[in-house]
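Student: There's a structure below that I have some questions on.
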Amino acid sequence: MDGAGKNGVETMYFRCRKEAAIHNDRLNSRAGAAEALGISESSLAKHELGITKFVPVDLVALMADLYGCPELKANYCKNECPLGRDLTLATEVSPIERVTLNILSGLSTGKIEQIKQQLIDIAADGVIDSSEAPQMRDIVDYLGRLAKSVAELQLLCEKQLRDGVRR
């Protein structure tokens, strides 16, 4: 299989193709993958080696679908699209054990009840005043971490369910 970049770092595009090659022999070579994607082998090489910094969004979507690698889309949105940089997105597929523990610890009854009550107290008058702002930031950060764990679970399910269909 074609190698990683000159600095020895594998780009996500290369790594996802390499993983997909386990299920699709055509993806073992850059030439086969480029043909399946409808682009030149040299263009794919530039993306995989990190030579080209901008990968067209339609190509990212094609790669994600062909490689069965939904994290390519999320990674693009989080790291390459200027609109997505501030969004809470999962960009890697984490092991199910870690995702499950993160979600379950985030959903602990005591913490959720505390968050719920804090939100009720803050929202009661319809205004977030300056004394409530730090507490609201903490709530949003907490819920953002929980949302990221849920997004990781979505990526994991999408990838594993797709892999299950292939086998």
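If you're wondering about the labels, chains in the structure tokens are A, B, ... by order shown, residues count from 1 in each chain, ligands from 1 in order shown.
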List as JSON lines every residue of region 11-112 of chain A that is in contact with region 128-145 of chain A, defined as an atom at most 9 Å from one of its atoms (using only C-alpha atoms), together with the nearest atom pair and the distance in Å rounded to one decimal, sorted by chain and then rising number.

Tutor:
```
{"residue": "A:Thr88", "atom": "CA", "partner": "A:Gly144", "partner_atom": "CA", "distance": 6.4}
{"residue": "A:Asn102", "atom": "CA", "partner": "A:Arg145", "partner_atom": "CA", "distance": 8.8}
{"residue": "A:Gly106", "atom": "CA", "partner": "A:Tyr142", "partner_atom": "CA", "distance": 8.1}
```

Student: Might you pull out every residue within 10 Å of Ile96 (chain A), with only C-alpha atoms counted and same-chain residues fewer than 5 positions away left off, and present them as a PDB file with C-alpha atoms, in the first residue's frame?

Tutor:
```
ATOM      1  CA  LEU A 101     -18.462   5.373  30.187  1.00  0.00           C
ATOM      2  CA  ASN A 102     -18.338   9.057  29.200  1.00  0.00           C
ATOM      3  CA  GLU A 152     -18.884   9.905  19.189  1.00  0.00           C
ATOM      4  CA  LEU A 153     -21.493   7.203  19.758  1.00  0.00           C
ATOM      5  CA  LEU A 156     -19.190   4.593  16.181  1.00  0.00           C
ATOM      6  CA  CYS A 157     -22.630   3.193  15.363  1.00  0.00           C
TER       7      CYS A 157
END
```

Student: Extract, using only C-alpha atoms, all DNA, RNA and protein residues at most 12 Å from Ser43 (chain A), discarding same-chain residues fewer than 6 positions from it, and format them as a short mmCIF file (atom, residue, chain, number, x, y, z; two decimals) with C-alpha atoms, in the first residue's frame.

Tutor:
```cif
data_model
loop_
_atom_site.label_atom_id
_atom_site.label_comp_id
_atom_site.auth_asym_id
_atom_site.auth_seq_id
_atom_site.Cartn_x
_atom_site.Cartn_y
_atom_site.Cartn_z
CA ARG A 30 -3.95 4.82 -4.57
CA ALA A 31 -4.67 4.19 -8.25
CA ALA A 33 -9.04 4.48 -4.91
CA ALA A 34 -8.52 7.44 -7.25
CA GLU A 35 -10.42 5.64 -10.02
CA LEU A 37 -13.39 8.48 -6.53
CA LEU A 49 0.30 13.15 1.87
CA GLY A 50 -0.93 16.44 3.25
CA ILE A 51 0.56 18.42 0.36
CA THR A 52 -2.79 19.97 -0.51
CA LYS A 53 -4.33 21.62 2.53
CA PHE A 54 -7.80 22.10 1.02
CA VAL A 55 -9.74 18.99 0.08
CA PRO A 56 -12.98 19.78 -1.79
CA LEU A 59 -14.52 14.74 -2.40
#
```

Student: Please determine, counting only C-alpha atoms, which residue among A:Leu146, A:Leu104, A:Leu44, A:Ala151 has the shortest atom-to-atom distance to Glu71 (chain A).

Tutor: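 Once distances to Glu71 (chain A) are computed over only C-alpha atoms, the minimum belongs to A:Ala151.
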
Student: Would you return as a PyMOL selection string the members of chain A that DSSP assigns to alpha helix (DSSP H) on this structure's backbone?

Tutor: chain A and resi 12-20+30-37+41-48+57-67+71-79+96-106+109-123+133-166

Student: Restrict the selected residues to C-alpha atoms and save them as a compact mmCIF listing (two decimals), in the first residue's frame.

Tutor:
```txt
# COMPACT_ATOMS: atom_id res chain seq x y z
CA MET A 12 -6.80 10.96 8.09
CA TYR A 13 -7.56 10.49 4.38
CA PHE A 14 -4.74 7.95 4.04
CA ARG A 15 -5.62 6.18 7.30
CA CYS A 16 -9.28 5.82 6.36
CA ARG A 17 -8.42 4.42 2.93
CA LYS A 18 -6.02 1.95 4.52
CA GLU A 19 -8.72 0.78 6.95
CA ALA A 20 -11.26 0.49 4.14
CA ARG A 30 -3.95 4.82 -4.57
CA ALA A 31 -4.67 4.19 -8.25
CA GLY A 32 -7.69 2.02 -7.46
CA ALA A 33 -9.04 4.48 -4.91
CA ALA A 34 -8.52 7.44 -7.25
CA GLU A 35 -10.42 5.64 -10.02
CA ALA A 36 -13.30 4.83 -7.65
CA LEU A 37 -13.39 8.48 -6.53
CA GLU A 41 -3.98 9.46 -8.64
CA SER A 42 -1.75 12.50 -8.21
CA SER A 43 -4.63 14.51 -6.70
CA LEU A 44 -5.37 11.74 -4.22
CA ALA A 45 -1.68 11.49 -3.37
CA LYS A 46 -1.54 15.22 -2.62
CA HIS A 47 -4.51 14.92 -0.26
CA GLU A 48 -3.21 11.78 1.44
CA VAL A 57 -16.01 19.08 0.38
CA ASP A 58 -17.66 16.90 -2.28
CA LEU A 59 -14.52 14.74 -2.40
CA VAL A 60 -14.52 14.41 1.40
CA ALA A 61 -18.13 13.20 1.23
CA LEU A 62 -17.24 10.67 -1.49
CA MET A 63 -14.25 9.41 0.49
CA ALA A 64 -16.31 9.10 3.67
CA ASP A 65 -18.94 7.04 1.86
CA LEU A 66 -16.52 4.91 -0.18
CA TYR A 67 -14.22 4.24 2.78
CA GLU A 71 -15.40 10.70 10.83
CA LEU A 72 -13.91 12.19 7.65
CA LYS A 73 -16.98 14.41 7.33
CA ALA A 74 -16.92 15.50 10.96
CA ASN A 75 -13.17 16.10 10.84
CA TYR A 76 -13.58 18.25 7.75
CA CYS A 77 -16.37 20.28 9.35
CA LYS A 78 -14.43 20.77 12.59
CA ASN A 79 -10.95 21.40 11.20
CA ILE A 96 -17.26 1.82 22.61
CA GLU A 97 -16.11 1.30 26.20
CA ARG A 98 -14.81 4.87 26.50
CA VAL A 99 -17.84 6.39 24.78
CA THR A 100 -20.25 4.45 26.96
CA LEU A 101 -18.46 5.37 30.19
CA ASN A 102 -18.34 9.06 29.20
CA ILE A 103 -22.06 9.11 28.45
CA LEU A 104 -23.08 7.17 31.54
CA SER A 105 -20.93 9.28 33.85
CA GLY A 106 -22.38 12.40 32.23
CA THR A 109 -28.73 11.17 38.16
CA GLY A 110 -27.29 13.62 40.68
CA LYS A 111 -25.46 15.71 38.11
CA ILE A 112 -28.36 15.82 35.66
CA GLU A 113 -30.76 16.85 38.43
CA GLN A 114 -28.34 19.59 39.50
CA ILE A 115 -28.03 20.89 35.92
CA LYS A 116 -31.80 20.76 35.47
CA GLN A 117 -32.41 22.77 38.63
CA GLN A 118 -29.72 25.33 37.75
CA LEU A 119 -31.26 25.83 34.31
CA ILE A 120 -34.72 26.24 35.81
CA ASP A 121 -33.40 28.83 38.28
CA ILE A 122 -31.55 30.76 35.57
CA ALA A 123 -34.42 30.63 33.08
CA ALA A 133 -23.30 33.93 33.52
CA PRO A 134 -20.45 31.83 35.03
CA GLN A 135 -22.89 29.13 36.10
CA MET A 136 -24.48 29.15 32.63
CA ARG A 137 -21.05 28.78 30.98
CA ASP A 138 -20.36 25.77 33.22
CA ILE A 139 -23.70 24.23 32.26
CA VAL A 140 -23.08 24.76 28.55
CA ASP A 141 -19.55 23.30 28.83
CA TYR A 142 -20.90 20.25 30.67
CA LEU A 143 -23.67 19.69 28.14
CA GLY A 144 -21.19 20.25 25.29
CA ARG A 145 -18.97 17.46 26.61
CA LEU A 146 -22.02 15.21 26.85
CA ALA A 147 -23.08 16.18 23.32
CA LYS A 148 -19.60 15.33 22.03
CA SER A 149 -19.83 11.89 23.65
CA VAL A 150 -23.21 11.33 22.00
CA ALA A 151 -21.72 12.41 18.65
CA GLU A 152 -18.88 9.91 19.19
CA LEU A 153 -21.49 7.20 19.76
CA GLN A 154 -23.24 8.21 16.52
CA LEU A 155 -19.97 7.92 14.57
CA LEU A 156 -19.19 4.59 16.18
CA CYS A 157 -22.63 3.19 15.36
CA GLU A 158 -22.54 4.46 11.79
CA LYS A 159 -19.13 2.94 11.21
CA GLN A 160 -19.75 -0.39 12.92
CA LEU A 161 -23.18 -0.88 11.41
CA ARG A 162 -21.75 -0.17 7.97
CA ASP A 163 -18.84 -2.57 8.61
CA GLY A 164 -21.33 -5.20 9.77
CA VAL A 165 -23.19 -4.92 6.47
CA ARG A 166 -19.95 -5.39 4.51
```

Student: Record the distance separating CA of Glu80 (chain A) and CA of Gly38 (chain A), expressed in Å with one decimal.

Tutor: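 A separation of 22.0 Å between them.
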
Student: Looking at only C-alpha atoms, which of A:Ser40, A:Gly68, A:Thr11, A:Cys81 is the one that sits closest to Asn24 (chain A)?

Tutor: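 Of A:Ser40, A:Gly68, A:Thr11, A:Cys81, the one nearest Asn24 (chain A), counting only C-alpha atoms, is A:Gly68.
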